[in-house]
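J.: This is run.cif, which holds mmCIF, C-alpha atoms:
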data_my_file
loop_
_atom_site.label_atom_id
_atom_site.label_comp_id
_atom_site.auth_asym_id
_atom_site.auth_seq_id
_atom_site.Cartn_x
_atom_site.Cartn_y
_atom_site.Cartn_z
CA MET A 18 25.93 10.59 12.57
CA ARG A 19 23.01 10.15 14.95
CA ASP A 20 19.48 9.84 13.59
CA GLU A 21 18.56 13.48 14.12
CA THR A 22 21.58 14.49 12.03
CA LYS A 23 21.06 11.78 9.40
CA CYS A 24 17.49 12.98 8.86
CA ILE A 25 18.88 16.33 7.79
CA HIS A 26 22.24 15.57 6.17
CA ALA A 27 22.34 11.94 4.98
CA GLY A 28 22.02 11.21 1.27
CA TYR A 29 23.03 14.63 -0.02
CA ARG A 30 26.01 16.79 0.93
CA PRO A 31 26.34 19.79 -1.41
CA LYS A 32 29.81 20.73 -2.62
CA ASN A 33 31.12 24.22 -3.16
CA GLY A 34 28.61 26.32 -5.11
CA GLU A 35 25.98 23.57 -5.28
CA PRO A 36 22.34 23.90 -4.14
CA LYS A 37 21.78 23.66 -0.40
CA MET A 38 18.59 21.62 -0.82
CA VAL A 39 18.31 18.38 -2.75
CA PRO A 40 17.55 19.62 -6.29
CA ILE A 41 14.58 18.31 -8.24
CA VAL A 42 16.03 16.63 -11.33
CA GLN A 43 12.94 16.80 -13.52
CA SER A 44 14.20 14.69 -16.40
CA THR A 45 13.25 11.29 -17.75
CA THR A 46 16.51 10.67 -19.57
CA TYR A 47 20.27 11.28 -19.56
CA VAL A 48 22.72 12.17 -22.35
CA PHE A 49 25.83 10.24 -23.41
CA ASN A 50 28.82 11.32 -25.51
CA SER A 51 28.99 8.13 -27.56
CA ALA A 52 27.00 5.08 -28.54
CA LYS A 53 29.53 2.86 -26.76
CA GLU A 54 29.11 4.71 -23.46
CA VAL A 55 25.37 4.18 -23.40
CA SER A 56 25.66 0.53 -24.50
CA ASP A 57 28.19 -0.09 -21.72
CA VAL A 58 25.54 0.79 -19.16
CA PHE A 59 23.37 -2.04 -20.44
CA ASP A 60 26.22 -4.42 -19.61
CA GLU A 61 26.87 -2.77 -16.25
CA PRO A 62 23.63 -1.09 -15.05
CA THR A 63 25.21 0.64 -12.05
CA LYS A 64 27.71 2.49 -14.24
CA ALA A 65 25.45 5.45 -15.04
CA LEU A 66 21.86 6.64 -15.15
CA VAL A 67 19.96 5.95 -18.35
CA TYR A 68 16.28 6.49 -17.61
CA SER A 69 14.19 7.66 -14.65
CA ARG A 70 12.12 4.48 -14.61
CA PHE A 71 15.14 2.90 -12.88
CA ALA A 72 16.79 5.72 -10.97
CA ASN A 73 16.83 9.50 -10.65
CA PRO A 74 19.29 11.72 -8.73
CA THR A 75 16.61 13.28 -6.52
CA VAL A 76 15.12 9.93 -5.61
CA MET A 77 18.57 8.41 -5.11
CA ALA A 78 19.44 11.02 -2.49
CA VAL A 79 16.33 10.03 -0.53
CA GLU A 80 17.12 6.33 -0.99
CA GLN A 81 20.58 6.86 0.45
CA LYS A 82 19.18 8.78 3.43
CA ILE A 83 16.68 6.04 4.27
CA ALA A 84 19.32 3.30 3.84
CA GLU A 85 21.57 5.10 6.31
CA LEU A 86 18.73 5.57 8.79
CA GLU A 87 17.85 1.87 8.65
CA GLY A 88 21.45 0.67 8.58
CA GLY A 89 21.19 -1.01 5.19
CA VAL A 90 23.57 -1.26 2.23
CA GLY A 91 21.06 0.25 -0.19
CA ALA A 92 17.46 1.21 -0.78
CA MET A 93 15.01 1.56 -3.65
CA CYS A 94 12.02 3.87 -3.54
CA THR A 95 8.74 2.79 -5.09
CA SER A 96 5.55 4.49 -6.18
CA SER A 97 3.62 3.28 -3.10
CA GLY A 98 3.94 1.18 0.02
CA GLN A 99 1.95 -1.57 -1.70
CA MET A 100 4.48 -1.61 -4.53
CA ALA A 101 7.27 -1.96 -1.96
CA SER A 102 5.51 -4.98 -0.42
CA LEU A 103 4.92 -6.51 -3.85
CA MET A 104 8.46 -6.02 -5.16
CA ALA A 105 10.03 -7.18 -1.89
CA VAL A 106 8.26 -10.51 -2.34
CA LEU A 107 8.55 -10.83 -6.12
CA ASN A 108 12.30 -10.29 -5.88
CA LEU A 109 12.38 -13.65 -4.07
CA CYS A 110 9.37 -15.61 -5.34
CA LYS A 111 8.00 -17.00 -8.57
CA ALA A 112 4.90 -19.06 -9.32
CA GLY A 113 4.98 -22.18 -7.19
CA ASP A 114 6.69 -20.51 -4.23
CA SER A 115 5.24 -19.43 -0.90
CA ILE A 116 5.83 -17.01 1.94
CA VAL A 117 4.84 -17.04 5.60
CA SER A 118 3.24 -13.87 7.00
CA THR A 119 1.90 -12.84 10.36
CA SER A 120 -1.89 -12.47 10.38
CA GLN A 121 -1.77 -9.08 12.09
CA ILE A 122 -0.84 -6.89 9.14
CA TYR A 123 -2.44 -4.09 7.13
CA GLY A 124 -5.65 -5.16 5.39
CA GLY A 125 -4.40 -4.11 1.98
CA THR A 126 -1.36 -6.32 2.43
CA VAL A 127 -3.59 -9.24 3.46
CA ASN A 128 -5.51 -8.76 0.23
CA LEU A 129 -2.28 -8.56 -1.80
CA PHE A 130 -0.89 -11.72 -0.25
CA ALA A 131 -4.02 -13.86 0.17
CA VAL A 132 -5.85 -12.97 -3.05
CA THR A 133 -3.75 -11.26 -5.72
CA LEU A 134 -0.45 -13.10 -5.30
CA LYS A 135 -2.35 -16.36 -5.04
CA LYS A 136 -3.76 -15.74 -8.52
CA TYR A 137 -0.18 -15.58 -9.78
CA GLY A 138 0.84 -18.81 -8.10
CA ILE A 139 2.45 -17.49 -4.90
CA GLU A 140 0.86 -18.85 -1.73
CA THR A 141 0.84 -17.07 1.64
CA ILE A 142 0.64 -19.09 4.85
CA PHE A 143 -0.54 -16.93 7.76
CA VAL A 144 0.57 -17.42 11.36
CA ASP A 145 -0.32 -15.54 14.51
CA ALA A 146 2.26 -12.91 15.47
CA TYR A 147 2.27 -14.42 18.96
CA ALA A 148 2.98 -17.95 17.67
CA ASP A 149 5.93 -19.77 19.18
CA GLU A 150 8.97 -20.85 17.19
CA ALA A 151 7.61 -24.34 16.63
CA ALA A 152 4.34 -23.07 15.13
CA ILE A 153 6.14 -20.63 12.85
CA SER A 154 8.55 -23.34 11.78
CA ALA A 155 5.67 -25.72 11.01
CA ALA A 156 4.20 -23.18 8.56
CA ILE A 157 7.39 -23.11 6.48
CA GLN A 158 7.30 -25.37 3.41
CA ASP A 159 10.04 -26.53 1.06
CA ASN A 160 9.00 -23.77 -1.35
CA THR A 161 8.84 -20.97 1.26
CA LYS A 162 11.12 -18.06 0.36
CA ALA A 163 10.52 -15.50 3.14
CA ILE A 164 8.76 -14.57 6.36
CA PHE A 165 6.90 -11.25 6.53
CA GLY A 166 5.70 -9.17 9.48
CA GLU A 167 5.06 -5.58 10.61
CA THR A 168 7.05 -3.99 13.43
CA ILE A 169 3.84 -2.40 14.75
CA ALA A 170 0.86 -3.96 13.01
CA ASN A 171 -1.80 -1.78 11.38
CA PRO A 172 -4.31 -1.53 13.09
CA ALA A 173 -3.87 -4.39 15.60
CA LEU A 174 -0.73 -2.65 16.96
CA THR A 175 0.87 -6.00 17.69
CA VAL A 176 4.62 -5.54 18.22
CA LEU A 177 6.62 -8.09 16.27
CA ASP A 178 9.16 -10.16 18.18
CA ILE A 179 11.74 -9.59 15.46
CA GLU A 180 14.46 -11.76 16.94
CA LYS A 181 12.09 -14.73 17.27
CA PHE A 182 10.94 -14.54 13.65
CA ALA A 183 14.48 -13.87 12.40
CA LYS A 184 15.77 -16.93 14.28
CA VAL A 185 13.18 -19.20 12.68
CA ALA A 186 13.66 -17.69 9.22
CA HIS A 187 17.43 -18.08 9.31
CA ALA A 188 17.20 -21.63 10.66
CA HIS A 189 15.32 -22.45 7.44
CA GLY A 190 17.67 -20.46 5.22
CA ILE A 191 15.14 -17.76 4.27
CA PRO A 192 15.08 -13.98 4.88
CA LEU A 193 12.84 -11.99 7.21
CA ILE A 194 11.03 -9.03 5.64
CA VAL A 195 9.78 -6.41 8.12
CA ASP A 196 7.39 -3.56 7.35
CA ASN A 197 8.68 -0.80 9.63
CA THR A 198 6.16 1.88 8.60
CA PHE A 199 4.60 2.65 12.00
CA ALA A 200 7.85 2.53 13.97
CA THR A 201 10.14 4.24 11.44
CA PRO A 202 13.90 3.82 11.89
CA VAL A 203 13.74 6.48 14.60
CA LEU A 204 11.85 4.14 16.96
CA CYS A 205 13.14 0.78 15.73
CA LYS A 206 15.84 -0.51 13.42
CA PRO A 207 14.75 -4.07 12.54
CA ILE A 208 18.07 -4.88 10.85
CA GLU A 209 19.79 -4.64 14.24
CA TYR A 210 17.54 -7.47 15.46
CA GLY A 211 17.99 -9.78 12.48
CA ALA A 212 15.64 -8.51 9.77
CA ASP A 213 17.11 -8.90 6.28
CA ILE A 214 14.82 -6.62 4.28
CA VAL A 215 12.90 -3.60 5.59
CA ILE A 216 10.07 -1.88 3.79
CA HIS A 217 8.00 1.24 4.42
CA SER A 218 5.01 3.06 3.15
CA THR A 219 6.75 6.44 2.99
CA SER A 220 3.29 8.02 2.65
CA LYS A 221 2.96 7.70 6.44
CA TYR A 222 5.33 9.03 9.11
CA MET A 223 8.30 9.52 6.79
CA ASP A 224 6.26 12.00 4.78
CA GLY A 225 4.12 13.09 7.71
CA HIS A 226 2.18 15.74 5.78
CA ALA A 227 -0.05 13.64 3.49
CA VAL A 228 1.42 15.11 0.31
CA GLN A 229 3.02 12.14 -1.47
CA VAL A 230 2.31 8.45 -1.91
CA GLY A 231 5.40 6.28 -1.89
CA GLY A 232 7.25 3.28 -0.56
CA VAL A 233 10.80 2.04 -0.08
CA ILE A 234 12.70 -1.25 0.19
CA VAL A 235 15.92 -1.39 2.23
CA ASP A 236 18.45 -4.19 1.86
CA SER A 237 20.42 -5.09 5.00
CA GLY A 238 23.15 -6.74 2.95
CA ASN A 239 23.38 -9.47 5.59
CA PHE A 240 21.56 -12.42 4.06
CA ASP A 241 23.50 -15.27 2.39
CA TRP A 242 21.87 -15.74 -1.01
CA THR A 243 24.33 -18.53 -1.90
CA ASN A 244 22.68 -21.15 0.33
CA GLY A 245 21.11 -22.92 -2.65
CA LYS A 246 17.55 -21.66 -2.18
CA PHE A 247 17.89 -18.58 -4.38
CA PRO A 248 19.46 -19.48 -7.74
CA ASP A 249 18.22 -16.21 -9.29
CA PHE A 250 20.87 -14.45 -7.22
CA THR A 251 23.74 -16.76 -8.15
CA GLU A 252 22.99 -17.92 -11.69
CA PRO A 253 23.39 -15.66 -14.76
CA ASP A 254 20.52 -13.26 -15.46
CA GLU A 255 20.05 -13.68 -19.19
CA SER A 256 17.78 -10.63 -19.31
CA TYR A 257 20.81 -8.52 -18.29
CA HIS A 258 23.64 -10.07 -20.27
CA GLY A 259 24.52 -12.78 -17.78
CA ILE A 260 24.92 -10.68 -14.63
CA ARG A 261 25.38 -12.78 -11.48
CA TYR A 262 24.02 -10.61 -8.70
CA VAL A 263 25.93 -12.03 -5.74
CA GLN A 264 29.17 -12.42 -7.67
CA ASP A 265 28.96 -8.97 -9.25
CA TYR A 266 27.38 -6.91 -6.45
CA GLY A 267 28.12 -8.76 -3.23
CA LYS A 268 26.14 -7.51 -0.23
CA ALA A 269 23.96 -5.28 -2.45
CA ALA A 270 22.78 -8.22 -4.59
CA TYR A 271 19.15 -8.09 -3.42
CA ILE A 272 18.55 -4.39 -3.98
CA ILE A 273 20.44 -4.30 -7.30
CA LYS A 274 18.38 -7.24 -8.57
CA ALA A 275 15.16 -5.49 -7.48
CA ARG A 276 16.12 -2.40 -9.45
CA THR A 277 17.54 -3.98 -12.60
CA GLN A 278 14.87 -6.69 -12.94
CA LEU A 279 11.66 -5.58 -11.27
CA MET A 280 11.84 -1.82 -11.56
CA ARG A 281 12.95 -2.23 -15.16
CA ASP A 282 9.91 -4.36 -15.94
CA PHE A 283 7.20 -2.88 -13.69
CA GLY A 284 8.28 0.77 -13.64
CA GLY A 285 6.87 1.54 -10.20
CA TYR A 286 9.38 4.32 -9.51
CA PRO A 287 8.38 7.61 -7.84
CA ALA A 288 8.65 11.01 -9.49
CA ALA A 289 11.48 13.35 -8.56
CA ASN A 290 9.03 15.89 -7.15
CA SER A 291 7.51 13.25 -4.87
CA ALA A 292 10.95 12.36 -3.57
CA PHE A 293 11.70 16.04 -2.95
CA LEU A 294 8.55 16.34 -0.82
CA LEU A 295 9.39 13.11 1.00
CA ASN A 296 12.82 14.46 1.84
CA LEU A 297 11.26 17.53 3.47
CA GLY A 298 9.29 15.21 5.70
CA LEU A 299 12.33 13.10 6.52
CA GLU A 300 14.23 16.15 7.71
CA THR A 301 11.89 16.53 10.70
CA LEU A 302 11.15 12.82 11.23
CA ALA A 303 13.14 12.39 14.45
CA LEU A 304 11.60 15.51 15.97
CA ARG A 305 8.06 14.56 14.96
CA MET A 306 8.27 10.97 16.19
CA GLU A 307 9.13 12.18 19.67
CA ARG A 308 6.00 14.38 19.76
CA TYR A 309 3.76 11.68 18.24
CA CYS A 310 4.78 9.29 21.01
CA GLU A 311 4.25 11.87 23.76
CA ASN A 312 0.79 12.85 22.51
CA ALA A 313 -0.36 9.29 21.86
CA GLN A 314 0.71 8.14 25.32
CA LYS A 315 -1.42 10.86 26.94
CA VAL A 316 -4.41 10.12 24.70
CA ALA A 317 -4.14 6.37 25.33
CA GLU A 318 -4.07 6.94 29.08
CA PHE A 319 -7.17 9.16 28.75
CA LEU A 320 -9.01 6.48 26.77
CA GLU A 321 -8.27 3.91 29.47
CA THR A 322 -10.21 6.06 31.95
CA CYS A 323 -13.20 6.51 29.63
CA GLY A 324 -16.20 4.38 30.61
CA LYS A 325 -17.46 4.18 27.03
CA VAL A 326 -14.36 2.37 25.80
CA GLU A 327 -14.22 -1.41 26.09
CA LYS A 328 -10.55 -1.80 25.26
CA VAL A 329 -7.54 0.37 24.45
CA ILE A 330 -4.81 -1.10 22.27
CA TYR A 331 -1.52 0.79 22.50
CA PRO A 332 1.85 -0.86 23.14
CA GLY A 333 2.96 2.05 25.32
CA LEU A 334 0.42 1.14 28.01
CA LYS A 335 1.54 -1.20 30.80
CA SER A 336 -1.80 -3.01 30.39
CA SER A 337 -0.90 -3.94 26.80
CA ARG A 338 -0.05 -7.52 25.92
CA ASP A 339 2.77 -6.07 23.81
CA TYR A 340 4.24 -3.76 26.45
CA ALA A 341 7.28 -5.92 27.23
CA THR A 342 8.00 -6.52 23.54
CA ALA A 343 7.65 -2.79 22.86
CA GLN A 344 10.10 -2.01 25.65
CA LYS A 345 12.59 -4.39 24.03
CA TYR A 346 12.36 -3.16 20.46
CA LEU A 347 10.91 0.36 20.44
CA LYS A 348 12.16 3.74 21.61
CA GLY A 349 8.52 4.85 21.64
CA ALA A 350 5.14 3.30 20.84
CA SER A 351 4.45 5.61 17.87
CA GLY A 352 1.32 7.68 17.34
CA VAL A 353 -1.45 5.25 16.42
CA ILE A 354 -3.98 3.97 18.97
CA SER A 355 -6.73 1.44 18.39
CA PHE A 356 -9.68 1.26 20.75
CA VAL A 357 -12.96 -0.62 20.87
CA ILE A 358 -15.96 1.56 21.64
CA GLN A 359 -19.07 0.34 23.42
CA GLY A 360 -21.98 -0.16 21.05
CA GLY A 361 -20.06 -1.63 18.13
CA ARG A 362 -20.15 -0.33 14.57
CA GLU A 363 -23.08 2.10 15.03
CA ALA A 364 -21.48 3.74 18.06
CA ALA A 365 -18.17 4.02 16.24
CA VAL A 366 -19.82 5.85 13.35
CA ARG A 367 -21.72 8.21 15.68
CA PHE A 368 -18.55 8.94 17.65
CA MET A 369 -16.50 9.77 14.56
CA ASP A 370 -19.23 11.92 13.00
CA SER A 371 -19.33 14.06 16.18
CA LEU A 372 -15.63 15.01 16.03
CA GLU A 373 -14.64 18.48 14.84
CA LEU A 374 -10.86 18.87 15.15
CA VAL A 375 -10.15 15.22 14.41
CA SER A 376 -10.83 14.36 10.78
CA ILE A 377 -12.10 11.12 9.24
CA GLU A 378 -9.49 9.98 6.73
CA VAL A 379 -8.37 6.90 4.87
CA HIS A 380 -4.88 7.73 6.01
CA VAL A 381 -2.69 7.49 9.05
CA ALA A 382 0.50 9.00 10.51
CA ASP A 383 -0.18 12.59 9.51
CA ILE A 384 0.70 15.71 11.53
CA ARG A 385 -3.09 16.14 11.90
CA THR A 386 -5.08 13.80 14.13
CA SER A 387 -7.43 11.50 12.24
CA VAL A 388 -9.73 8.53 12.80
CA LEU A 389 -10.95 5.62 10.74
CA HIS A 390 -13.22 2.61 11.17
CA PRO A 391 -11.08 -0.22 9.69
CA ALA A 392 -13.82 -2.88 9.52
CA SER A 393 -15.82 -0.79 7.04
CA THR A 394 -12.90 0.78 5.14
CA THR A 395 -9.28 -0.47 4.95
CA HIS A 396 -10.26 -3.99 6.06
CA ARG A 397 -13.70 -4.05 4.39
CA GLN A 398 -12.65 -6.74 1.92
CA LEU A 399 -11.69 -9.23 4.64
CA THR A 400 -13.91 -12.05 5.81
CA ASP A 401 -15.11 -12.17 9.42
CA GLU A 402 -12.46 -14.79 10.13
CA GLN A 403 -9.73 -12.64 8.57
CA LEU A 404 -10.93 -9.62 10.56
CA VAL A 405 -10.57 -11.54 13.79
CA ALA A 406 -7.11 -12.78 12.76
CA ALA A 407 -6.07 -9.22 11.90
CA GLY A 408 -7.27 -7.99 15.29
CA VAL A 409 -10.12 -5.90 13.89
CA GLU A 410 -13.38 -5.90 15.88
CA PRO A 411 -16.64 -4.28 14.66
CA GLY A 412 -16.33 -1.44 17.19
CA LEU A 413 -12.63 -0.85 16.66
CA ILE A 414 -11.54 2.69 15.83
CA ARG A 415 -8.05 3.54 14.63
CA LEU A 416 -6.94 6.89 16.00
CA SER A 417 -3.85 8.47 14.48
CA VAL A 418 -2.69 11.07 17.00
CA GLY A 419 -1.17 14.15 15.39
CA LEU A 420 1.00 17.02 16.54
CA GLU A 421 -1.70 19.35 17.85
CA HIS A 422 -1.65 20.21 21.56
CA TYR A 423 -2.78 17.05 23.31
CA GLU A 424 -5.41 18.90 25.38
CA ASP A 425 -7.15 20.06 22.18
CA ILE A 426 -7.20 16.46 20.97
CA LEU A 427 -8.65 15.25 24.28
CA GLU A 428 -11.34 17.94 24.26
CA ASP A 429 -12.46 16.90 20.80
CA LEU A 430 -12.56 13.23 21.75
CA ALA A 431 -14.67 14.15 24.77
CA LYS A 432 -17.21 15.70 22.35
CA GLY A 433 -17.37 12.41 20.49
CA PHE A 434 -17.99 10.42 23.66
CA ALA A 435 -20.64 12.92 24.77
CA SER A 436 -22.63 12.09 21.62
CA LEU A 437 -23.07 8.44 22.63
#
Would it be possible to restate this file's structure as structure tokens?
T.:
Amino acid sequence: MRDETKCIHAGYRPKNGEPKMVPIVQSTTYVFNSAKEVSDVFDEPTKALVYSRFANPTVMAVEQKIAELEGGVGAMCTSSGQMASLMAVLNLCKAGDSIVSTSQIYGGTVNLFAVTLKKYGIETIFVDAYADEAAISAAIQDNTKAIFGETIANPALTVLDIEKFAKVAHAHGIPLIVDNTFATPVLCKPIEYGADIVIHSTSKYMDGHAVQVGGVIVDSGNFDWTNGKFPDFTEPDESYHGIRYVQDYGKAAYIIKARTQLMRDFGGYPAANSAFLLNLGLETLALRMERYCENAQKVAEFLETCGKVEKVIYPGLKSSRDYATAQKYLKGASGVISFVIQGGREAAVRFMDSLELVSIEVHVADIRTSVLHPASTTHRQLTDEQLVAAGVEPGLIRLSVGLEHYEDILEDLAKGFASL
């Protein structure tokens, strides 16, 4: 099936007399006919469902749909995008390990990696997304277990050269994790370019309506966990009766381990109702992404002609440093634009306060157009040096272009500029 069809049909195909829509299975637990049958599941956790902290039929239908869209062997939904980032790393790392990450990533992820994980003994070494192979390679230590980057960085909008980072990662025997939130599998499938693990904040474009917070991890099934660097995948897991993940689950070893170990212990699984709402968003994802790209391209071109804008950052513009990379990896540049307004922070605040149609939100990738000032909100916790590394200037505004008629969006932006 093509993406437009997968968005609607993948993950759930009702049989004769069954519900047309994915049903909401609002149950925490599942019944067994004998004590032996339930105990067998604790020897073989994929045999049946036991508790909705691990898996739930509604959520599983959505997981299967996303796995098919990304081209992976399996997926696991989480309670938030942050939880997806955390579990993706913790499934590989323990205290004393490290990861390498591009600097141009979401501010909340910077905080997770640079501050919180560090407290638990996992170090993050940051490199510029534009670094060459030698510089990336130099950042990798003996204890490094993964490289992390965002397909389209939030809010720097840097486009990741996936093949370059995958080449370096694989040369060192470690996987590449790619956050594909802004691109979605409709615009880019990182696995096709060498990514081993793909994550999303499903709260963004996949949902598209700002009604559920969630995340997902997708396993490509392509990485060789038997290279000696990841004994947790090849040695017996004593917390699950000696399971050997690679031996017992083959290509799905990573995602099965994430579910049976981490989801079991942390319980960051989404509710069935949240997954139901996410699925409604996924059904129109391909259609919406086309319109987001069309609207954002027109808005970005308008901003380039505005005298009160110092710089427009959008990979769909030929003036963008990332234009060539975007043409290689993306079917569209998505719906988020960053631009630097003249006058810095004060002008940015005045501009945003003058908007009427466009709302000020700590959110992005909604059907409604919204703006945010990252330096004082999502990236407020970063130092000045980290802000520069993340591509966030004092006058930078993140504009998430929605699905309204583009002329209405432009008229509202004109009101904002008129206030300066």
J.: Could you build a table of the residues in region 178-273 of chain A lying no more than 10 Å from region 331-343 of chain A, giving for each the nearest pair of atoms and their separation in Å rounded to one decimal place, using all atoms listed in the file, ordered by chain and ascending residue number, as CSV?
T.:
residue,atom,partner,partner_atom,distance
A:Asp178,CA,A:Thr342,CA,6.6
A:Ile179,CA,A:Thr342,CA,9.4
A:Cys205,CA,A:Ala343,CA,9.7
J.: Name the residues in contact with Gly88 (chain A) at a cut-off of 7 Å, using all atoms listed in the file, excluding same-chain residues fewer than 4 positions from it; report them as a ChimeraX atom specification.
T.: /A:84,208,237
J.: Would you write out those residues with C-alpha atoms, as a short mmCIF file (atom, residue, chain, number, x, y, z; two decimals), in the coordinates of the input?
T.:
data_model
loop_
_atom_site.label_atom_id
_atom_site.label_comp_id
_atom_site.auth_asym_id
_atom_site.auth_seq_id
_atom_site.Cartn_x
_atom_site.Cartn_y
_atom_site.Cartn_z
CA ALA A 84 19.32 3.30 3.84
CA ILE A 208 18.07 -4.88 10.85
CA SER A 237 20.42 -5.09 5.00
#
J.: (10.7, -8.8, -4.4) in this file's frame - what residues fall within 10 Å of it? Use only C-alpha atoms and give the answer as a ChimeraX atom specification.
T.: /A:100-111,214,234,271-272,274-276,278-279
J.: Starting from the PyMOL selection byres ((chain A and resi 247-249) around 12), expand the selection into actual residues of this file and give them as a ChimeraX atom specification.
T.: /A:107-111,114,160-163,190-192,240-246,250-256,259-264,270-271,274-275,278
J.: Rounded to one decimal in Å, what is the spacing between CA of Thr198 (chain A) and CA of Val418 (chain A)?
T.: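 A separation of 15.3 Å between them.
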J.: Counting all atoms listed in the file, which residues have an atom no more than 10 Å from (11.6, 6.3, -9.4) in the file's coordinates? Please list them as a PyMOL selection string.
T.: chain A and resi 45+68-77+93-96+231+276+280+284-289+291-292
J.: Between CA of Phe283 (chain A) and CA of Asp236 (chain A), measure the distance and give it in Å to one decimal.
T.: 19.2 Å
J.: Measuring between all atoms listed in the file, which one of A:Ile122, A:Ala227, A:Val42, A:Ala435 shows the shortest distance to Ala173 (chain A)?
T.: A:Ile122
J.: Within 7 Å of Lys268 (chain A), counting only C-alpha atoms, which residues qualify if same-chain residues fewer than 2 places away don't, as a PyMOL selection string?
T.: chain A and resi 238-239+266+270
J.: Apply the PyMOL selection byres ((chain A and resi 436) around 10) to the displayed file and report the matching residues as a list in words.
T.: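 Taken on the displayed file, the PyMOL selection byres ((chain A and resi 436) around 10) yields the residues Ala364, Arg367, Phe368, Met369, Asp370, Ser371, Leu372, Ala431, Lys432, Gly433, Phe434, Ala435 and Leu437 of chain A.
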J.: Nearest residue to Ala148 (chain A) out of A:Thr119, A:Gln314, A:Ser97, A:Asn33, using all atoms listed in the file?
T.: A:Thr119
J.: Grab the CA of Ala170 (chain A) to CA of Leu304 (chain A) distance for me, in Å with one decimal place.
T.: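 Computed distance, CA of Ala170 (chain A) to CA of Leu304 (chain A), equals 22.4 Å.
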J.: For this structure, which residues satisfy the selection - the PyMOL selection byres ((chain A and resi 325) around 10) - when it is evaluated on the file as given? I want them as a list in words.
T.: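 So the PyMOL selection byres ((chain A and resi 325) around 10), applied here, picks out Leu320, Glu321, Thr322, Cys323, Gly324, Val326, Glu327, Lys328, Val357, Ile358, Gln359, Gly360, Ala364, Phe434, Ala435 and Leu437 of chain A.
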J.: Take the residues from that selection and put them in a file with C-alpha atoms, as a compact mmCIF listing (two decimals), in the coordinates of the input.
T.:
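Heads up, here's the output in again05.txt:
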# COMPACT_ATOMS: atom_id res chain seq x y z
CA LEU A 320 -9.01 6.48 26.77
CA GLU A 321 -8.27 3.91 29.47
CA THR A 322 -10.21 6.06 31.95
CA CYS A 323 -13.20 6.51 29.63
CA GLY A 324 -16.20 4.38 30.61
CA VAL A 326 -14.36 2.37 25.80
CA GLU A 327 -14.22 -1.41 26.09
CA LYS A 328 -10.55 -1.80 25.26
CA VAL A 357 -12.96 -0.62 20.87
CA ILE A 358 -15.96 1.56 21.64
CA GLN A 359 -19.07 0.34 23.42
CA GLY A 360 -21.98 -0.16 21.05
CA ALA A 364 -21.48 3.74 18.06
CA PHE A 434 -17.99 10.42 23.66
CA ALA A 435 -20.64 12.92 24.77
CA LEU A 437 -23.07 8.44 22.63
J.: From the list A:Glu87, A:Glu54, A:Glu424, A:Asp265, which residue is nearest Val235 (chain A) when using only C-alpha atoms?
T.: A:Glu87
J.: Quick one: of A:Ala406, A:Val39, A:Ala183, A:Leu86, who's nearest to Val144 (chain A), counting only C-alpha atoms?
T.: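 Closest to Val144 (chain A) of all the choices is A:Ala406.
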J.: Identify, on the basis of only C-alpha atoms, every residue whose closest approach to His380 (chain A) does not exceed 8 Å; exclude the query and any residue fewer than 4 positions from it along the same chain; express the result as JSON, numbers by chain.
T.: {"A": [221, 387, 389]}
